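Asker: Sharing my_file.cif below, mmCIF, C-alpha atoms:
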```cif
data_target
loop_
_atom_site.label_atom_id
_atom_site.label_comp_id
_atom_site.auth_asym_id
_atom_site.auth_seq_id
_atom_site.Cartn_x
_atom_site.Cartn_y
_atom_site.Cartn_z
CA MET A 1 -24.10 -13.60 -14.90
CA LYS A 2 -23.68 -14.59 -11.24
CA LYS A 3 -24.69 -18.16 -12.07
CA LEU A 4 -22.05 -18.28 -14.81
CA LEU A 5 -19.38 -17.04 -12.43
CA LEU A 6 -20.35 -19.53 -9.73
CA LEU A 7 -20.26 -22.45 -12.15
CA ALA A 8 -16.87 -21.38 -13.46
CA PHE A 9 -15.49 -21.08 -9.94
CA THR A 10 -16.81 -24.47 -8.88
CA ALA A 11 -15.45 -26.21 -11.96
CA ILE A 12 -11.93 -24.92 -11.56
CA LEU A 13 -11.48 -26.04 -7.95
CA GLY A 14 -10.77 -29.56 -9.11
CA MET A 15 -8.05 -28.50 -11.54
CA SER A 16 -4.34 -28.01 -11.05
CA ALA A 17 -1.69 -26.31 -13.15
CA ASN A 18 2.04 -25.89 -12.88
CA ALA A 19 3.43 -22.42 -12.19
CA GLN A 20 5.29 -20.99 -15.16
CA GLU A 21 7.38 -18.61 -13.05
CA ALA A 22 7.81 -17.70 -9.41
CA LEU A 23 5.41 -15.22 -7.85
CA VAL A 24 7.03 -11.89 -6.97
CA SER A 25 5.68 -10.42 -3.73
CA GLU A 26 8.39 -7.82 -3.01
CA ARG A 27 9.08 -4.66 -4.96
CA PRO A 28 11.98 -5.23 -7.41
CA ASP A 29 14.92 -2.83 -7.46
CA GLY A 30 14.45 -0.14 -10.09
CA THR A 31 12.79 3.18 -10.87
CA VAL A 32 9.51 3.31 -8.92
CA LYS A 33 6.45 5.31 -9.88
CA VAL A 34 3.18 5.24 -7.93
CA TYR A 35 -0.14 5.96 -9.60
CA ASP A 36 -3.63 6.63 -8.24
CA ARG A 37 -6.35 4.47 -9.76
CA SER A 38 -9.58 5.90 -11.15
CA GLY A 39 -12.51 4.34 -12.98
CA LYS A 40 -14.77 1.39 -12.29
CA GLY A 41 -14.21 -2.30 -11.74
CA ILE A 42 -15.85 -5.46 -10.42
CA LYS A 43 -14.94 -7.74 -7.56
CA LEU A 44 -16.36 -11.08 -6.49
CA GLN A 45 -16.68 -12.25 -2.93
CA GLN A 46 -18.33 -15.13 -1.15
CA GLY A 47 -21.66 -14.35 0.51
CA ASP A 48 -22.99 -15.71 3.80
CA ASP A 49 -24.89 -18.39 1.88
CA GLY A 50 -21.72 -19.57 0.13
CA SER A 51 -22.58 -18.06 -3.23
CA LEU A 52 -20.32 -15.66 -5.14
CA GLN A 53 -21.52 -12.08 -5.07
CA MET A 54 -20.50 -9.56 -7.70
CA THR A 55 -20.13 -5.98 -6.50
CA SER A 56 -18.91 -2.73 -8.02
CA LEU A 57 -15.33 -1.68 -7.32
CA ASN A 58 -14.52 2.01 -7.09
CA LEU A 59 -10.90 2.13 -8.26
CA ALA A 60 -10.32 5.47 -6.54
CA GLU A 61 -10.71 3.66 -3.23
CA ALA A 62 -8.47 0.73 -4.21
CA SER A 63 -4.75 0.27 -3.64
CA GLU A 64 -2.25 2.19 -5.73
CA PHE A 65 -0.96 1.07 -9.11
CA GLU A 66 2.84 0.95 -9.17
CA VAL A 67 5.30 0.50 -12.02
CA VAL A 68 8.99 -0.34 -11.50
CA THR A 69 11.25 0.15 -14.52
CA MET A 70 14.44 -1.88 -14.52
CA ALA A 71 17.88 -0.54 -15.42
CA ASP A 72 17.63 -1.83 -19.00
CA ASN A 73 14.62 0.48 -19.60
CA LYS A 74 12.90 -2.44 -21.30
CA THR A 75 11.66 -4.53 -18.38
CA VAL A 76 8.92 -3.40 -15.97
CA TYR A 77 7.08 -4.85 -13.02
CA VAL A 78 3.48 -3.81 -12.31
CA LYS A 79 2.02 -4.02 -8.80
CA ASN A 80 -1.40 -5.59 -8.27
CA PRO A 81 -2.81 -5.24 -11.80
CA ILE A 82 -5.69 -7.47 -10.62
CA VAL A 83 -6.67 -5.19 -7.75
CA ALA A 84 -9.80 -7.26 -7.05
CA LEU A 85 -7.54 -9.99 -5.64
CA VAL A 86 -6.24 -7.70 -2.91
CA GLU A 87 -9.66 -6.16 -2.34
CA THR A 88 -11.32 -9.58 -1.96
CA PHE A 89 -8.73 -11.76 -0.21
CA SER A 90 -7.41 -10.22 3.00
CA ASP A 91 -4.49 -12.67 3.12
CA VAL A 92 -3.21 -11.87 -0.39
CA THR A 93 0.07 -9.97 -0.34
CA ASP A 94 1.18 -7.59 -3.08
CA ARG A 95 1.84 -9.14 -6.47
CA TRP A 96 4.39 -7.87 -8.98
CA VAL A 97 3.90 -9.03 -12.56
CA LYS A 98 6.69 -8.82 -15.12
CA GLY A 99 6.18 -7.05 -18.42
CA SER A 100 8.00 -4.98 -21.01
CA ILE A 101 7.97 -1.34 -22.06
CA GLU A 102 8.53 -0.01 -25.56
CA GLY A 103 7.75 3.58 -26.49
CA ASN A 104 4.54 4.50 -24.67
CA LYS A 105 3.28 0.91 -24.31
CA ILE A 106 3.53 -1.43 -21.33
CA THR A 107 2.84 -5.06 -22.25
CA ILE A 108 2.17 -7.93 -19.85
CA PRO A 109 2.05 -11.33 -21.56
CA HIS A 110 -1.26 -13.16 -21.65
CA LYS A 111 -1.60 -15.67 -18.79
CA SER A 112 1.12 -14.10 -16.66
CA LEU A 113 1.02 -15.84 -13.28
CA ILE A 114 -0.40 -13.71 -10.47
CA PHE A 115 -1.90 -15.99 -7.80
CA SER A 116 -1.92 -19.59 -6.56
CA ILE A 117 -4.73 -21.22 -4.60
CA ASN A 118 -4.44 -24.34 -2.46
CA THR A 119 -7.78 -26.15 -2.72
CA ASP A 120 -9.54 -28.40 -0.22
CA GLN A 121 -8.65 -31.32 -2.51
CA GLY A 122 -4.95 -30.76 -1.84
CA THR A 123 -4.22 -29.40 -5.32
CA THR A 124 -2.82 -26.05 -6.38
CA VAL A 125 -4.59 -23.86 -8.92
CA ASP A 126 -2.47 -21.23 -10.65
CA ILE A 127 -4.31 -18.07 -11.62
CA HIS A 128 -3.14 -15.88 -14.50
CA MET A 129 -4.00 -12.56 -16.13
CA GLY A 130 -6.18 -12.13 -19.19
CA TYR A 131 -8.95 -10.15 -20.82
CA TYR A 132 -12.61 -11.09 -20.68
CA GLY A 133 -15.31 -9.63 -22.90
CA ILE A 134 -18.89 -9.00 -21.79
CA GLU A 135 -21.66 -9.06 -24.36
CA SER A 136 -25.39 -9.60 -23.77
CA ASN A 137 -24.68 -10.27 -20.08
CA GLN A 138 -22.36 -13.15 -20.98
CA ALA A 139 -18.64 -13.19 -20.14
CA SER A 140 -16.07 -15.05 -22.22
CA PRO A 141 -12.27 -14.94 -22.63
CA VAL A 142 -10.92 -12.94 -25.54
CA THR A 143 -9.89 -15.15 -28.44
CA PRO A 144 -7.38 -15.41 -29.91
CA ASP A 145 -5.15 -14.72 -26.90
CA VAL A 146 -4.21 -11.07 -26.46
CA ASP A 147 -1.47 -9.63 -24.25
CA VAL A 148 -2.53 -7.07 -21.66
CA THR A 149 -1.37 -3.57 -22.63
CA TYR A 150 -1.33 -0.11 -21.11
CA THR A 151 -0.78 3.23 -22.88
CA ILE A 152 1.39 5.90 -21.24
CA ASP A 153 0.43 9.52 -21.90
CA GLY A 154 2.49 11.89 -19.79
CA ASP A 155 1.58 11.35 -16.14
CA LYS A 156 -1.33 9.05 -17.00
CA ILE A 157 -1.53 5.37 -17.88
CA THR A 158 -4.66 3.82 -19.42
CA LEU A 159 -5.64 0.15 -19.50
CA ASP A 160 -6.17 -0.67 -23.19
CA ALA A 161 -9.11 -2.56 -24.64
CA PRO A 162 -8.31 -5.42 -27.05
CA GLY A 163 -11.32 -4.61 -29.26
CA LYS A 164 -14.20 -2.20 -29.77
CA ASP A 165 -17.37 -4.30 -29.93
CA LYS A 166 -17.60 -5.45 -26.31
CA THR A 167 -17.08 -4.27 -22.78
CA TYR A 168 -13.71 -5.60 -21.65
CA ILE A 169 -12.34 -6.27 -18.21
CA LEU A 170 -9.02 -7.42 -16.82
CA SER A 171 -9.52 -10.75 -15.09
CA CYS A 172 -7.96 -13.66 -13.28
CA ILE A 173 -8.09 -16.80 -15.39
CA ALA A 174 -7.16 -20.44 -14.90
CA ALA A 175 -4.80 -22.35 -17.17
CA ASP A 176 -7.69 -23.22 -19.50
CA GLY A 177 -9.19 -19.72 -19.38
CA THR A 178 -12.38 -20.77 -17.59
CA TRP A 179 -12.19 -19.16 -14.15
CA LEU A 180 -12.57 -15.43 -13.71
CA ARG A 181 -12.34 -12.93 -10.91
CA MET A 182 -12.90 -9.62 -12.58
CA SER A 183 -11.11 -6.37 -11.91
CA GLU A 184 -10.70 -3.14 -13.87
CA TYR A 185 -12.79 -2.23 -16.86
CA THR A 186 -10.61 -1.25 -19.80
CA GLY A 187 -10.27 2.51 -19.96
CA ALA A 188 -9.32 2.69 -16.29
CA VAL A 189 -6.84 5.51 -15.71
CA TYR A 190 -3.80 5.58 -13.43
CA THR A 191 -2.44 9.05 -12.58
CA PHE A 192 1.12 9.57 -11.36
CA ASN A 193 1.32 10.69 -7.74
CA LYS A 194 4.67 12.31 -7.03
CA ASP A 195 4.00 12.60 -3.29
CA LYS A 196 3.49 8.84 -2.95
CA THR A 197 6.42 7.85 -5.15
CA PRO A 198 9.39 6.77 -3.02
CA ASN A 199 12.81 7.92 -4.15
CA GLU A 200 11.91 8.54 -7.78
CA ILE A 201 15.12 7.86 -9.70
CA LYS A 202 16.36 9.76 -12.70
CA ALA A 203 19.25 8.50 -14.80
CA VAL A 204 21.28 11.64 -15.46
CA GLU A 205 24.78 12.55 -16.52
CA LYS A 206 26.76 13.64 -13.47
CA GLU A 207 28.00 17.18 -13.79
CA ASN A 208 28.52 17.84 -10.10
CA ASN A 209 30.58 16.34 -7.33
CA ALA A 210 28.06 13.70 -6.21
CA GLN A 211 29.74 10.54 -4.99
CA ALA A 212 28.85 7.02 -6.03
CA ILE A 213 27.62 5.00 -3.03
CA GLY A 214 26.72 1.71 -4.67
CA GLU A 215 26.52 -0.32 -7.87
CA THR A 216 24.00 -2.91 -9.02
CA TYR A 217 24.34 -5.10 -12.10
CA TYR A 218 21.60 -6.38 -14.44
CA ASP A 219 21.46 -8.39 -17.62
CA LEU A 220 19.42 -7.25 -20.63
CA SER A 221 16.37 -9.11 -19.29
CA GLY A 222 16.39 -7.01 -16.15
CA ARG A 223 17.61 -9.82 -13.90
CA LYS A 224 19.85 -8.74 -11.05
CA LEU A 225 23.44 -10.05 -11.18
CA SER A 226 25.93 -10.51 -8.37
CA GLU A 227 28.75 -9.30 -10.63
CA PRO A 228 29.36 -8.36 -14.28
CA THR A 229 29.22 -11.32 -16.67
CA LYS A 230 30.34 -11.96 -20.23
CA GLY A 231 28.37 -10.06 -22.84
CA VAL A 232 26.28 -6.95 -22.22
CA THR A 233 25.83 -5.85 -18.60
CA ILE A 234 23.89 -2.85 -17.28
CA LYS A 235 25.58 -1.20 -14.31
CA ASN A 236 23.25 0.96 -12.22
CA ILE A 237 25.25 3.48 -10.15
CA LYS A 238 23.67 5.10 -7.08
CA PHE A 239 24.87 8.55 -5.99
CA ASN A 240 24.63 10.22 -2.61
CA ASP A 241 22.30 12.92 -3.95
CA GLY A 242 19.60 10.31 -4.64
CA THR A 243 20.08 10.05 -8.41
CA GLN A 244 21.22 7.08 -10.42
CA LYS A 245 23.00 6.50 -13.68
CA ALA A 246 22.72 3.43 -15.91
CA VAL A 247 25.86 2.46 -17.83
CA LYS A 248 25.99 -0.28 -20.47
CA SER A 249 29.21 -2.28 -20.80
CA ILE A 250 30.36 -5.20 -22.93
CA ASN A 251 32.58 -7.73 -21.18
CA LYS A 252 34.61 -10.37 -23.00
#
```
Re-express the file's structure as structure tokens.

Answerer:
Amino acid sequence: MKKLLLLAFTAILGMSANAQEALVSERPDGTVKVYDRSGKGIKLQQGDDGSLQMTSLNLAEASEFEVVTMADNKTVYVKNPIVALVETFSDVTDRWVKGSIEGNKITIPHKSLIFSINTDQGTTVDIHMGYYGIESNQASPVTPDVDVTYTIDGDKITLDAPGKDKTYILSCIAADGTWLRMSEYTGAVYTFNKDKTPNEIKAVEKENNAQAIGETYYDLSGRKLSEPTKGVTIKNIKFNDGTQKAVKSINK
């Protein structure tokens, strides 16, 4: 297994790929919820002899899992879904990956960009998210491509498995799917932590005398706008009691 990982890592250093979207390293504006990780994972790190070493990752000791829901209630950003990146590379800042939410499912598209590496050859390698399956001590990308999904059940979120016949892990992959830096096993659980959640926002109808202290505008894709535009605009109103209210408007 280690030999396979080392070969995959070595092969990808000579490759380059173009970023599909900008990396997001700061928390987007929206409803924030912080979750504690639990379960098992894997991280890779370089040993003193230069080889890649695979070690167990206790998710309970890893950084928190955060989800920011945008004003449209359809767009979400997930913080550090590949926690092994942060656990392995000390110079890696937080990463926010864009996804969508529908019902009790969070979906992050396959090959969502999460990291870029500048190689010794002067090229840039873009690293994306994807599932890997492990069977008979061999790791291979899931085919056909499958989006990464999470299931929400009350205060808990679970990383879904794309199938039932293998052990699956969430991994970093290169543009061609060959390079992997493994992270959570599917089935990992993220439990909401109210004490760690900053300014949890609830969109409520105002029935008191709270005063509006600010307005932010978004389009239906969750992108922040400087002002209302033609078509459908979501206006997020902030009140002085800490709550917010989302209002949809149609401008001609």

Asker: Can you measure CA of Glu61 in chain A to CA of Arg37 in chain A for me? One decimal in Å is fine.

Answerer: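 Between these atoms lies a distance of 7.9 Å.
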
Asker: Might you spell out which residues the PyMOL selection byres ((chain A and resi 129-144) around 7) would select in the displayed file, as a ChimeraX atom specification?

Answerer: /A:1,110-114,128,145-146,148,166-173,177

Asker: Can you write just those residues out, C-alpha atoms, as a PDB file, in the frame of the given file?

Answerer:
```pdb
ATOM      1  CA  MET A   1     -24.100 -13.600 -14.900  1.00  0.00           C
ATOM      2  CA  HIS A 110      -1.260 -13.160 -21.650  1.00  0.00           C
ATOM      3  CA  LYS A 111      -1.600 -15.670 -18.790  1.00  0.00           C
ATOM      4  CA  SER A 112       1.120 -14.100 -16.660  1.00  0.00           C
ATOM      5  CA  LEU A 113       1.020 -15.840 -13.280  1.00  0.00           C
ATOM      6  CA  ILE A 114      -0.400 -13.710 -10.470  1.00  0.00           C
ATOM      7  CA  HIS A 128      -3.140 -15.880 -14.500  1.00  0.00           C
ATOM      8  CA  ASP A 145      -5.150 -14.720 -26.900  1.00  0.00           C
ATOM      9  CA  VAL A 146      -4.210 -11.070 -26.460  1.00  0.00           C
ATOM     10  CA  VAL A 148      -2.530  -7.070 -21.660  1.00  0.00           C
ATOM     11  CA  LYS A 166     -17.600  -5.450 -26.310  1.00  0.00           C
ATOM     12  CA  THR A 167     -17.080  -4.270 -22.780  1.00  0.00           C
ATOM     13  CA  TYR A 168     -13.710  -5.600 -21.650  1.00  0.00           C
ATOM     14  CA  ILE A 169     -12.340  -6.270 -18.210  1.00  0.00           C
ATOM     15  CA  LEU A 170      -9.020  -7.420 -16.820  1.00  0.00           C
ATOM     16  CA  SER A 171      -9.520 -10.750 -15.090  1.00  0.00           C
ATOM     17  CA  CYS A 172      -7.960 -13.660 -13.280  1.00  0.00           C
ATOM     18  CA  ILE A 173      -8.090 -16.800 -15.390  1.00  0.00           C
ATOM     19  CA  GLY A 177      -9.190 -19.720 -19.380  1.00  0.00           C
TER      20      GLY A 177
END
```

Asker: Taking (-19.3, -9.0, -6.8) in the file's coordinates as the center, which residues reach within 6 Å of it, counting all atoms listed in the file, put as a PyMOL selection string?

Answerer: chain A and resi 43-45+53-55

Asker: Output C-alpha atoms for every residue in the selection just made, as a short mmCIF file (atom, residue, chain, number, x, y, z; two decimals), in the frame of the given file.

Answerer:
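Resulting contents of selection.cif:
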```cif
data_model
loop_
_atom_site.label_atom_id
_atom_site.label_comp_id
_atom_site.auth_asym_id
_atom_site.auth_seq_id
_atom_site.Cartn_x
_atom_site.Cartn_y
_atom_site.Cartn_z
CA LYS A 43 -14.94 -7.74 -7.56
CA LEU A 44 -16.36 -11.08 -6.49
CA GLN A 45 -16.68 -12.25 -2.93
CA GLN A 53 -21.52 -12.08 -5.07
CA MET A 54 -20.50 -9.56 -7.70
CA THR A 55 -20.13 -5.98 -6.50
#
```

Asker: To one decimal in Å, tell me the separation between CA of Thr233 in chain A and CA of Asn73 in chain A.

Answerer: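 According to the coordinates, CA of Thr233 in chain A and CA of Asn73 in chain A are separated by 12.9 Å.
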
Asker: Work out how far apart CA of Thr93 in chain A and CA of Thr158 in chain A are and give it in Å to one decimal.

Answerer: 24.0 Å

Asker: Could you state which residues are captured by the PyMOL selection byres ((chain A and resi 227) around 10) in this file, as a PyMOL selection string?

Answerer: chain A and resi 215-218+224-226+228-229+233+235

Asker: Please expand the PyMOL selection byres ((chain A and resi 239) around 10) into the concrete residues it hits in this file, giving the result as a PyMOL selection string.

Answerer: chain A and resi 206+209-215+236-238+240-245

Asker: Residues at most 10 Å from Ser100 in chain A, counting all atoms listed in the file, excluding those fewer than 4 positions away in the same chain, as a list in words?

Answerer: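 My list of contacting residues is Thr69, Met70, Asn73, Lys74, Thr75, Val76, Tyr77, Val78, Lys105, Ile106, Thr107, Ile108, Pro109, Thr149, Ser221 and Gly222 of chain A.
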
Asker: Those same residues, written as a PDB file, keeping the file's coordinate frame with C-alpha atoms?

Answerer:
```
ATOM      1  CA  THR A  69      11.250   0.150 -14.520  1.00  0.00           C
ATOM      2  CA  MET A  70      14.440  -1.880 -14.520  1.00  0.00           C
ATOM      3  CA  ASN A  73      14.620   0.480 -19.600  1.00  0.00           C
ATOM      4  CA  LYS A  74      12.900  -2.440 -21.300  1.00  0.00           C
ATOM      5  CA  THR A  75      11.660  -4.530 -18.380  1.00  0.00           C
ATOM      6  CA  VAL A  76       8.920  -3.400 -15.970  1.00  0.00           C
ATOM      7  CA  TYR A  77       7.080  -4.850 -13.020  1.00  0.00           C
ATOM      8  CA  VAL A  78       3.480  -3.810 -12.310  1.00  0.00           C
ATOM      9  CA  LYS A 105       3.280   0.910 -24.310  1.00  0.00           C
ATOM     10  CA  ILE A 106       3.530  -1.430 -21.330  1.00  0.00           C
ATOM     11  CA  THR A 107       2.840  -5.060 -22.250  1.00  0.00           C
ATOM     12  CA  ILE A 108       2.170  -7.930 -19.850  1.00  0.00           C
ATOM     13  CA  PRO A 109       2.050 -11.330 -21.560  1.00  0.00           C
ATOM     14  CA  THR A 149      -1.370  -3.570 -22.630  1.00  0.00           C
ATOM     15  CA  SER A 221      16.370  -9.110 -19.290  1.00  0.00           C
ATOM     16  CA  GLY A 222      16.390  -7.010 -16.150  1.00  0.00           C
TER      17      GLY A 222
END
```

Asker: For Phe192 in chain A, find every residue with an atom within 12 Å (counting only C-alpha atoms), except residues of its own chain fewer than 3 positions away, and show them as JSON, numbers by chain.

Answerer: {"A": [32, 33, 34, 35, 36, 37, 38, 64, 65, 66, 67, 152, 153, 154, 155, 156, 157, 158, 189, 195, 196, 197, 200]}

Asker: Fewer than 6 positions away in the same chain doesn't count, so skip those; otherwise give me all residues within 6 Å of Arg95 in chain A, counting all atoms listed in the file, as a compact mmCIF listing (two decimals) with C-alpha atoms, in the coordinates of the input.

Answerer:
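The new file part30.txt reads:
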```
# COMPACT_ATOMS: atom_id res chain seq x y z
CA VAL A 24 7.03 -11.89 -6.97
CA SER A 25 5.68 -10.42 -3.73
CA LYS A 79 2.02 -4.02 -8.80
CA ASN A 80 -1.40 -5.59 -8.27
```

Asker: Select, from A:Gln121, A:Asn104, A:Tyr185, A:Trp179, the residue with the minimum atom-to-atom distance to Pro162 in chain A, counting all atoms listed in the file.

Answerer: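 Among A:Gln121, A:Asn104, A:Tyr185, A:Trp179, it is A:Tyr185 that comes nearest to Pro162 in chain A.
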
Asker: Write out as a PyMOL selection string which residues come within 10 Å of Gly41 in chain A when counting only C-alpha atoms, dropping same-chain ones fewer than 4 positions away.

Answerer: chain A and resi 55-59+62+83-84+169-170+182-186+188

Asker: Using all atoms listed in the file, which of the listed residues (A:Arg223, A:Phe115, A:Asp120, A:Gly187) sits closest to Ala175 in chain A?

Answerer: A:Phe115

Asker: For a quick check of understanding, using all atoms listed in the file, which of A:Leu180, A:Ile42, A:Val97, A:Ile82 has the smallest distance to Val68 in chain A?

Answerer: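 Smallest separation from Val68 in chain A among the options: A:Val97.
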